[in-house]
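Colleague: Structure: run_37.txt, compact mmCIF, C-alpha atoms.
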```txt
# COMPACT_ATOMS: atom_id res chain seq x y z
CA MET A 762 96.81 -59.90 79.10
CA LYS A 763 95.57 -56.82 77.77
CA ARG A 764 93.71 -58.16 74.85
CA ARG A 765 90.71 -58.84 77.01
CA SER A 766 90.54 -55.41 78.61
CA PHE A 767 91.30 -53.79 75.28
CA LEU A 768 88.34 -55.51 73.70
CA LYS A 769 86.14 -54.56 76.61
CA GLY A 770 87.16 -50.95 76.19
CA THR A 771 86.34 -50.86 72.50
CA LEU A 772 83.00 -52.49 73.07
CA ALA A 773 82.09 -49.90 75.67
CA THR A 774 82.95 -46.95 73.44
CA GLY A 775 81.15 -48.67 70.57
CA ALA A 776 78.02 -48.87 72.67
CA ALA A 777 78.25 -45.20 73.55
CA ALA A 778 78.56 -44.29 69.88
CA ILE A 779 75.48 -46.36 69.08
CA ALA A 780 73.58 -44.63 71.87
CA VAL A 781 74.51 -41.25 70.38
CA ASN A 782 73.38 -42.38 66.95
CA ALA A 783 70.08 -43.62 68.33
CA GLY A 784 69.41 -40.20 69.78
CA LEU A 785 69.66 -41.39 73.37
CA LEU A 786 72.43 -38.97 74.20
CA THR A 787 71.58 -36.21 71.77
CA PRO A 788 73.13 -32.92 72.76
CA SER A 789 70.74 -29.97 72.79
CA THR A 790 69.99 -28.78 69.29
CA VAL A 791 71.65 -25.45 68.59
CA LEU A 792 71.94 -25.00 64.84
CA ALA A 793 71.70 -28.76 64.47
CA ALA A 794 73.12 -30.23 61.32
CA ASP A 795 70.95 -33.34 61.06
CA TRP A 796 67.26 -33.62 60.41
CA ASN A 797 65.60 -34.38 63.74
CA LYS A 798 63.84 -37.57 62.65
CA LYS A 799 62.78 -38.48 66.17
CA ALA A 800 60.98 -35.16 66.69
CA PHE A 801 59.17 -35.27 63.37
CA GLU A 802 58.07 -38.88 63.87
CA SER A 803 56.80 -38.33 67.40
CA LYS A 804 53.09 -39.02 67.76
CA THR A 805 52.45 -36.63 70.64
CA THR A 806 53.41 -33.02 71.24
CA ASP A 807 55.21 -33.96 74.47
CA ASP A 808 57.38 -36.55 72.73
CA ALA A 809 58.16 -34.07 69.97
CA LEU A 810 59.15 -31.39 72.47
CA ASN A 811 61.36 -33.85 74.33
CA ALA A 812 63.08 -34.74 71.07
CA VAL A 813 63.70 -31.11 70.16
CA PHE A 814 64.35 -29.37 73.46
CA GLY A 815 65.03 -32.27 75.83
CA SER A 816 62.05 -31.20 77.92
CA ALA A 817 58.29 -30.94 77.54
CA SER A 818 57.58 -28.57 80.42
CA THR A 819 56.52 -25.25 78.95
CA THR A 820 55.23 -22.00 80.41
CA ALA A 821 52.44 -20.12 78.67
CA SER A 822 53.66 -16.69 77.64
CA GLY A 823 51.79 -13.65 76.44
CA ASP A 824 54.98 -12.25 74.92
CA ILE A 825 54.74 -14.63 71.98
CA LYS A 826 52.50 -13.23 69.30
CA LEU A 827 50.90 -16.20 67.60
CA VAL A 828 48.78 -15.25 64.62
CA ALA A 829 46.58 -17.91 63.03
CA PRO A 830 43.06 -17.72 61.62
CA ALA A 831 40.16 -18.59 63.94
CA ILE A 832 38.59 -20.40 61.02
CA ALA A 833 40.62 -21.90 58.18
CA GLU A 834 38.54 -22.65 55.10
CA ASN A 835 41.28 -24.83 53.70
CA GLY A 836 43.31 -26.63 56.33
CA ALA A 837 46.01 -27.49 53.81
CA VAL A 838 47.23 -23.90 53.76
CA THR A 839 46.82 -22.45 57.24
CA PRO A 840 48.88 -19.29 57.62
CA VAL A 841 50.74 -19.18 60.94
CA THR A 842 52.97 -16.38 62.21
CA VAL A 843 55.03 -16.62 65.37
CA ASP A 844 56.50 -13.31 66.52
CA ALA A 845 58.81 -13.67 69.50
CA SER A 846 60.88 -10.60 68.69
CA GLY A 847 59.80 -9.04 71.99
CA ILE A 848 61.62 -11.77 73.93
CA ASP A 849 65.35 -11.65 74.63
CA GLY A 850 67.67 -14.49 73.67
CA VAL A 851 65.37 -16.51 71.42
CA GLU A 852 67.32 -19.59 70.34
CA SER A 853 64.68 -21.57 68.52
CA ILE A 854 61.00 -21.76 67.62
CA ALA A 855 59.00 -24.91 67.00
CA ILE A 856 55.53 -24.97 65.44
CA MET A 857 53.19 -27.89 66.09
CA ALA A 858 49.67 -28.86 65.11
CA SER A 859 48.24 -30.68 68.14
CA LYS A 860 46.09 -33.30 66.42
CA ASN A 861 48.11 -34.01 63.31
CA PRO A 862 49.32 -37.64 63.25
CA MET A 863 52.81 -36.23 63.72
CA PRO A 864 52.40 -32.91 65.46
CA MET A 865 55.83 -31.37 64.81
CA VAL A 866 55.54 -29.21 61.71
CA CYS A 867 58.76 -27.24 61.61
CA GLN A 868 61.49 -25.87 63.80
CA TYR A 869 63.79 -22.92 63.37
CA SER A 870 67.13 -22.38 65.13
CA PHE A 871 68.44 -18.85 65.29
CA GLY A 872 71.98 -17.56 65.16
CA ALA A 873 73.19 -14.14 66.24
CA ALA A 874 71.97 -12.33 63.12
CA ALA A 875 68.39 -13.60 63.32
CA VAL A 876 65.23 -12.17 64.85
CA GLY A 877 62.81 -14.53 66.61
CA TYR A 878 60.15 -14.34 63.94
CA VAL A 879 58.68 -16.95 61.61
CA SER A 880 55.76 -16.87 59.23
CA THR A 881 54.73 -19.91 57.23
CA ARG A 882 51.80 -21.97 56.02
CA ILE A 883 51.03 -25.39 57.44
CA LYS A 884 48.71 -28.34 56.81
CA MET A 885 46.02 -29.17 59.36
CA GLY A 886 43.77 -32.19 58.98
CA GLU A 887 40.97 -31.08 61.30
CA THR A 888 40.04 -28.51 63.94
CA MET A 889 42.89 -28.37 66.44
CA ASN A 890 45.34 -26.13 68.22
CA VAL A 891 48.39 -24.54 66.70
CA ILE A 892 51.17 -24.54 69.27
CA ALA A 893 54.26 -22.36 69.12
CA VAL A 894 57.09 -23.15 71.51
CA VAL A 895 59.92 -20.65 71.90
CA ASN A 896 63.21 -21.57 73.52
CA ALA A 897 64.63 -18.39 75.05
CA GLY A 898 67.73 -18.81 77.18
CA GLY A 899 66.84 -22.42 77.99
CA LYS A 900 63.28 -21.59 79.05
CA LEU A 901 60.42 -23.00 77.02
CA LEU A 902 57.60 -20.57 76.40
CA LYS A 903 54.37 -21.57 74.74
CA ALA A 904 51.49 -19.95 72.90
CA GLU A 905 48.49 -21.86 71.67
CA GLN A 906 45.49 -21.06 69.51
CA GLU A 907 42.59 -23.08 68.18
CA VAL A 908 41.98 -23.11 64.47
CA LYS A 909 38.64 -24.38 63.20
CA VAL A 910 39.14 -26.22 59.95
CA THR A 911 36.09 -26.36 57.72
CA ILE A 912 36.29 -28.97 55.03
CA GLY A 913 34.47 -28.32 51.82
CA GLY A 914 33.70 -24.77 52.89
CA CYS A 915 30.23 -25.60 54.31
CA GLY A 916 30.99 -24.66 57.89
CA GLY A 917 31.55 -27.18 60.63
CA MET B 1002 66.19 -29.97 38.57
CA ALA B 1003 66.84 -27.39 41.12
CA ILE B 1004 64.05 -26.27 43.41
CA ASN B 1005 62.68 -22.90 42.37
CA ILE B 1006 62.77 -20.13 45.00
CA ARG B 1007 61.46 -16.60 44.62
CA MET B 1008 62.45 -14.20 47.33
CA ARG B 1009 62.15 -10.55 48.26
CA GLY B 1010 63.42 -8.51 51.13
CA ALA B 1011 64.01 -4.99 52.31
CA SER B 1012 65.86 -3.62 55.30
CA LYS B 1013 64.31 -1.09 57.65
CA ASN B 1014 66.03 0.21 60.79
CA GLY B 1015 68.59 -2.59 60.68
CA VAL B 1016 66.07 -5.41 60.46
CA ALA B 1017 65.23 -7.05 57.17
CA GLU B 1018 62.13 -9.10 56.52
CA ILE B 1019 62.77 -11.78 53.92
CA LYS B 1020 59.85 -13.42 52.16
CA ALA B 1021 60.35 -16.51 50.06
CA LEU B 1022 57.98 -18.53 47.90
CA ILE B 1023 59.22 -21.98 47.04
CA LYS B 1024 57.84 -24.22 44.34
CA HIS B 1025 57.63 -27.71 45.78
CA PRO B 1026 54.94 -30.44 46.09
CA MET B 1027 55.65 -31.04 49.83
CA GLU B 1028 54.25 -34.58 49.61
CA SER B 1029 54.18 -35.96 53.16
CA GLY B 1030 54.24 -39.63 52.15
CA PHE B 1031 50.91 -40.34 53.89
CA ARG B 1032 48.43 -39.11 51.27
CA MET B 1033 46.75 -42.07 49.57
CA ASN B 1034 46.56 -42.45 45.86
CA LYS B 1035 43.02 -43.85 45.63
CA ALA B 1036 43.62 -45.38 42.21
CA THR B 1037 46.49 -47.60 43.36
CA GLY B 1038 45.74 -47.84 47.09
CA LYS B 1039 49.31 -46.86 47.86
CA PRO B 1040 50.51 -43.60 49.32
CA TYR B 1041 52.21 -41.05 47.10
CA PRO B 1042 55.93 -41.29 47.84
CA ALA B 1043 57.26 -38.70 50.28
CA LYS B 1044 58.90 -35.65 48.77
CA TYR B 1045 59.23 -32.64 51.02
CA ILE B 1046 61.81 -30.00 51.89
CA ASP B 1047 63.48 -30.97 55.15
CA MET B 1048 66.39 -28.56 55.59
CA VAL B 1049 66.43 -24.79 55.06
CA GLU B 1050 69.26 -22.43 55.81
CA ILE B 1051 69.34 -18.64 55.66
CA SER B 1052 72.63 -16.78 55.72
CA VAL B 1053 73.59 -13.11 55.87
CA ASN B 1054 76.80 -12.23 53.99
CA GLY B 1055 77.85 -15.87 54.09
CA THR B 1056 77.25 -16.37 57.83
CA LYS B 1057 74.51 -18.76 58.83
CA ALA B 1058 71.69 -16.91 60.60
CA ILE B 1059 68.78 -19.36 60.62
CA ASP B 1060 68.67 -23.10 60.38
CA ALA B 1061 65.23 -24.60 59.85
CA GLN B 1062 63.93 -28.15 59.69
CA TRP B 1063 60.62 -28.89 58.05
CA SER B 1064 58.32 -31.88 57.85
CA GLY B 1065 55.77 -32.86 55.23
CA ALA B 1066 53.19 -30.84 57.20
CA VAL B 1067 54.42 -27.57 55.72
CA SER B 1068 52.01 -26.61 52.94
CA GLU B 1069 52.55 -27.24 49.26
CA ASN B 1070 54.52 -24.47 47.54
CA PRO B 1071 55.77 -23.19 50.90
CA TYR B 1072 55.75 -19.56 51.88
CA MET B 1073 58.28 -18.48 54.46
CA ALA B 1074 58.91 -15.10 56.04
CA ILE B 1075 61.75 -14.54 58.47
CA GLN B 1076 63.60 -11.56 59.87
CA VAL B 1077 67.34 -11.00 60.17
CA LYS B 1078 69.50 -8.15 61.37
CA ALA B 1079 70.85 -6.81 58.08
CA ASN B 1080 71.24 -3.54 56.22
CA ALA B 1081 71.00 -2.34 52.64
CA GLY B 1082 73.68 -3.97 50.51
CA ASP B 1083 73.88 -7.14 52.62
CA GLU B 1084 73.49 -10.40 50.79
CA ILE B 1085 70.80 -12.82 51.98
CA LYS B 1086 70.99 -16.36 50.77
CA VAL B 1087 68.50 -19.20 51.15
CA THR B 1088 69.70 -22.76 50.67
CA LEU B 1089 67.42 -25.78 50.93
CA LYS B 1090 67.18 -29.45 50.22
CA ASP B 1091 64.40 -32.03 50.19
CA ASN B 1092 64.32 -35.60 51.48
CA THR B 1093 65.17 -36.98 48.04
CA GLY B 1094 68.37 -34.93 47.92
CA GLU B 1095 67.16 -32.28 45.48
CA THR B 1096 68.53 -28.85 46.33
CA GLY B 1097 67.79 -25.22 45.60
CA GLU B 1098 69.26 -21.86 46.43
CA ASP B 1099 68.68 -18.21 45.77
CA SER B 1100 70.16 -14.99 47.03
CA ILE B 1101 69.31 -11.30 46.97
CA LYS B 1102 71.05 -8.08 47.83
CA LEU B 1103 69.01 -5.95 50.21
CA LYS B 1104 67.90 -2.55 49.06
```
Could you express the structure from this file as structure tokens?
Modeller:
Amino acid sequence: MKRRSFLKGTLATGAAAIAVNAGLLTPSTVLAADWNKKAFESKTTDDALNAVFGSASTTASGDIKLVAPAIAENGAVTPVTVDASGIDGVESIAIMASKNPMPMVCQYSFGAAAVGYVSTRIKMGETMNVIAVVNAGGKLLKAEQEVKVTIGGCGG
Amino acid sequence: MAINIRMRGASKNGVAEIKALIKHPMESGFRMNKATGKPYPAKYIDMVEISVNGTKAIDAQWSGAVSENPYMAIQVKANAGDEIKVTLKDNTGETGEDSIKLK
């Protein structure tokens, strides 16, 4: 008997494990331990958001303070600050550059002792939008701002 | 060689702003070396962790699109005397860490 059904059983669990590894069944990322390869290799902002938050539907929010220069002389060091400290229950913040080949720049997950605030410097290849997405209590809030990148400092 | 981190922080009304400057090339792996026609191999910090008194507070993941010699500022709920520690690693496995006691 049972050898057949036993084998079947193992194969099924094996397949499930593979699916988990492939990121098909990824649980939502709260203080995730592994580097989110899928998100960082996504070619579009929607794919990247799906890989990080499991959803790409965001609501624009004025409560996120996104500070980035209107004109960046050197796109390789664009200062970006995301201040979501005015929002309750911020779980994570993701920063994206809309036209970079791989838009996802960085993501921060917050524990109990953290404040929803991040300031960093990012690389931008051309004029594009900086997008900050804040996950607060399962809701995705978004703020967006265009940054003009002038190459060579001659205006553009 | 360990990754060099310089950090500062001060607590005000129970919230501390921590600023860190990290010395790292942050090579994305896509920049072409014109002389050889091959891209420079990727070397960037991918995991960053900030803890307060040994408890993890922030877990960050970076890509090669974070600027060279990264600057990072974050805020945590902490008071004078608390220990803030930053631990990080890059995609080649090199690690770095630094900690400060808040004033």
Colleague: Counting only C-alpha atoms, which residues from chain B have an atom at most 8 Å from any atom of chain A, and could you show them as a list in words?
Modeller: Asp1047, Met1048, Val1053, Lys1057, Ala1058, Ile1059, Asp1060, Ala1061, Gln1062, Trp1063, Ser1064, Gly1065, Ala1066, Val1067, Ser1068, Glu1069, Pro1071, Tyr1072, Met1073, Ala1074, Ile1075, Gln1076, Val1077, Lys1078 and Ala1079 of chain B
Colleague: Would you work out the distance separating CA of Ala829 (chain A) from CA of Ile1101 (chain B), expressed in Å to one decimal?
Modeller: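 Separating CA of Ala829 (chain A) from CA of Ile1101 (chain B) is a distance of 28.6 Å.
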Colleague: Between CA of Glu907 (chain A) and CA of Ser859 (chain A), what is the spacing in Å?
Modeller: 9.5 Å
Colleague: One decimal, in Å: what's the spacing between CA of Ser1100 (chain B) and CA of Glu1084 (chain B)?
Modeller: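 Here the two named atoms are 6.8 Å from each other.
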Colleague: Taking 4 positions as the minimum chain separation for residues in the same chain, which residues sit within 8 Å of Tyr1045 (chain B) when counting all atoms listed in the file? Answer as a ChimeraX atom specification.
Modeller: /B:1025-1029,1064-1065,1091-1093
Colleague: So, with all atoms listed in the file as the atoms that count, which of A:Glu834, A:Asp824, A:Asp807, A:Glu887 lies closest to Ile848 (chain A)?
Modeller: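 Using all atoms listed in the file, Ile848 (chain A) sits closest to A:Asp824.
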Colleague: As an mmCIF file, keeping the file's coordinate frame, could you write out region 1051-1064 of chain B once it has been completed with N, CA and C atoms?
Modeller:
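out-v2.cif, freshly written:
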```cif
data_model
loop_
_atom_site.group_PDB
_atom_site.id
_atom_site.type_symbol
_atom_site.label_atom_id
_atom_site.label_comp_id
_atom_site.auth_asym_id
_atom_site.auth_seq_id
_atom_site.Cartn_x
_atom_site.Cartn_y
_atom_site.Cartn_z
ATOM 1 N N ILE B 1051 69.306 -20.032 56.106
ATOM 2 C CA ILE B 1051 69.340 -18.640 55.660
ATOM 3 C C ILE B 1051 70.638 -18.025 56.175
ATOM 4 N N SER B 1052 71.383 -17.404 55.281
ATOM 5 C CA SER B 1052 72.630 -16.780 55.720
ATOM 6 C C SER B 1052 72.662 -15.309 55.333
ATOM 7 N N VAL B 1053 73.399 -14.532 56.119
ATOM 8 C CA VAL B 1053 73.590 -13.110 55.870
ATOM 9 C C VAL B 1053 75.079 -12.904 55.592
ATOM 10 N N ASN B 1054 75.407 -12.427 54.402
ATOM 11 C CA ASN B 1054 76.800 -12.230 53.990
ATOM 12 C C ASN B 1054 77.654 -13.472 54.249
ATOM 13 N N GLY B 1055 77.078 -14.644 53.964
ATOM 14 C CA GLY B 1055 77.850 -15.870 54.090
ATOM 15 C C GLY B 1055 77.870 -16.483 55.477
ATOM 16 N N THR B 1056 77.294 -15.807 56.473
ATOM 17 C CA THR B 1056 77.250 -16.370 57.830
ATOM 18 C C THR B 1056 75.855 -16.900 58.106
ATOM 19 N N LYS B 1057 75.798 -18.139 58.585
ATOM 20 C CA LYS B 1057 74.510 -18.760 58.830
ATOM 21 C C LYS B 1057 73.745 -18.014 59.917
ATOM 22 N N ALA B 1058 72.492 -17.651 59.625
ATOM 23 C CA ALA B 1058 71.690 -16.910 60.600
ATOM 24 C C ALA B 1058 70.539 -17.761 61.114
ATOM 25 N N ILE B 1059 69.921 -18.535 60.231
ATOM 26 C CA ILE B 1059 68.780 -19.360 60.620
ATOM 27 C C ILE B 1059 68.921 -20.730 59.995
ATOM 28 N N ASP B 1060 68.600 -21.726 60.799
ATOM 29 C CA ASP B 1060 68.670 -23.100 60.380
ATOM 30 C C ASP B 1060 67.285 -23.677 60.644
ATOM 31 N N ALA B 1061 66.576 -24.112 59.623
ATOM 32 C CA ALA B 1061 65.230 -24.600 59.850
ATOM 33 C C ALA B 1061 65.105 -26.047 59.397
ATOM 34 N N GLN B 1062 64.246 -26.786 60.087
ATOM 35 C CA GLN B 1062 63.930 -28.150 59.690
ATOM 36 C C GLN B 1062 62.427 -28.224 59.486
ATOM 37 N N TRP B 1063 62.038 -28.794 58.373
ATOM 38 C CA TRP B 1063 60.620 -28.890 58.050
ATOM 39 C C TRP B 1063 60.196 -30.336 57.965
ATOM 40 N N SER B 1064 58.873 -30.552 58.093
ATOM 41 C CA SER B 1064 58.320 -31.880 57.850
ATOM 42 C C SER B 1064 57.374 -31.762 56.663
#
```
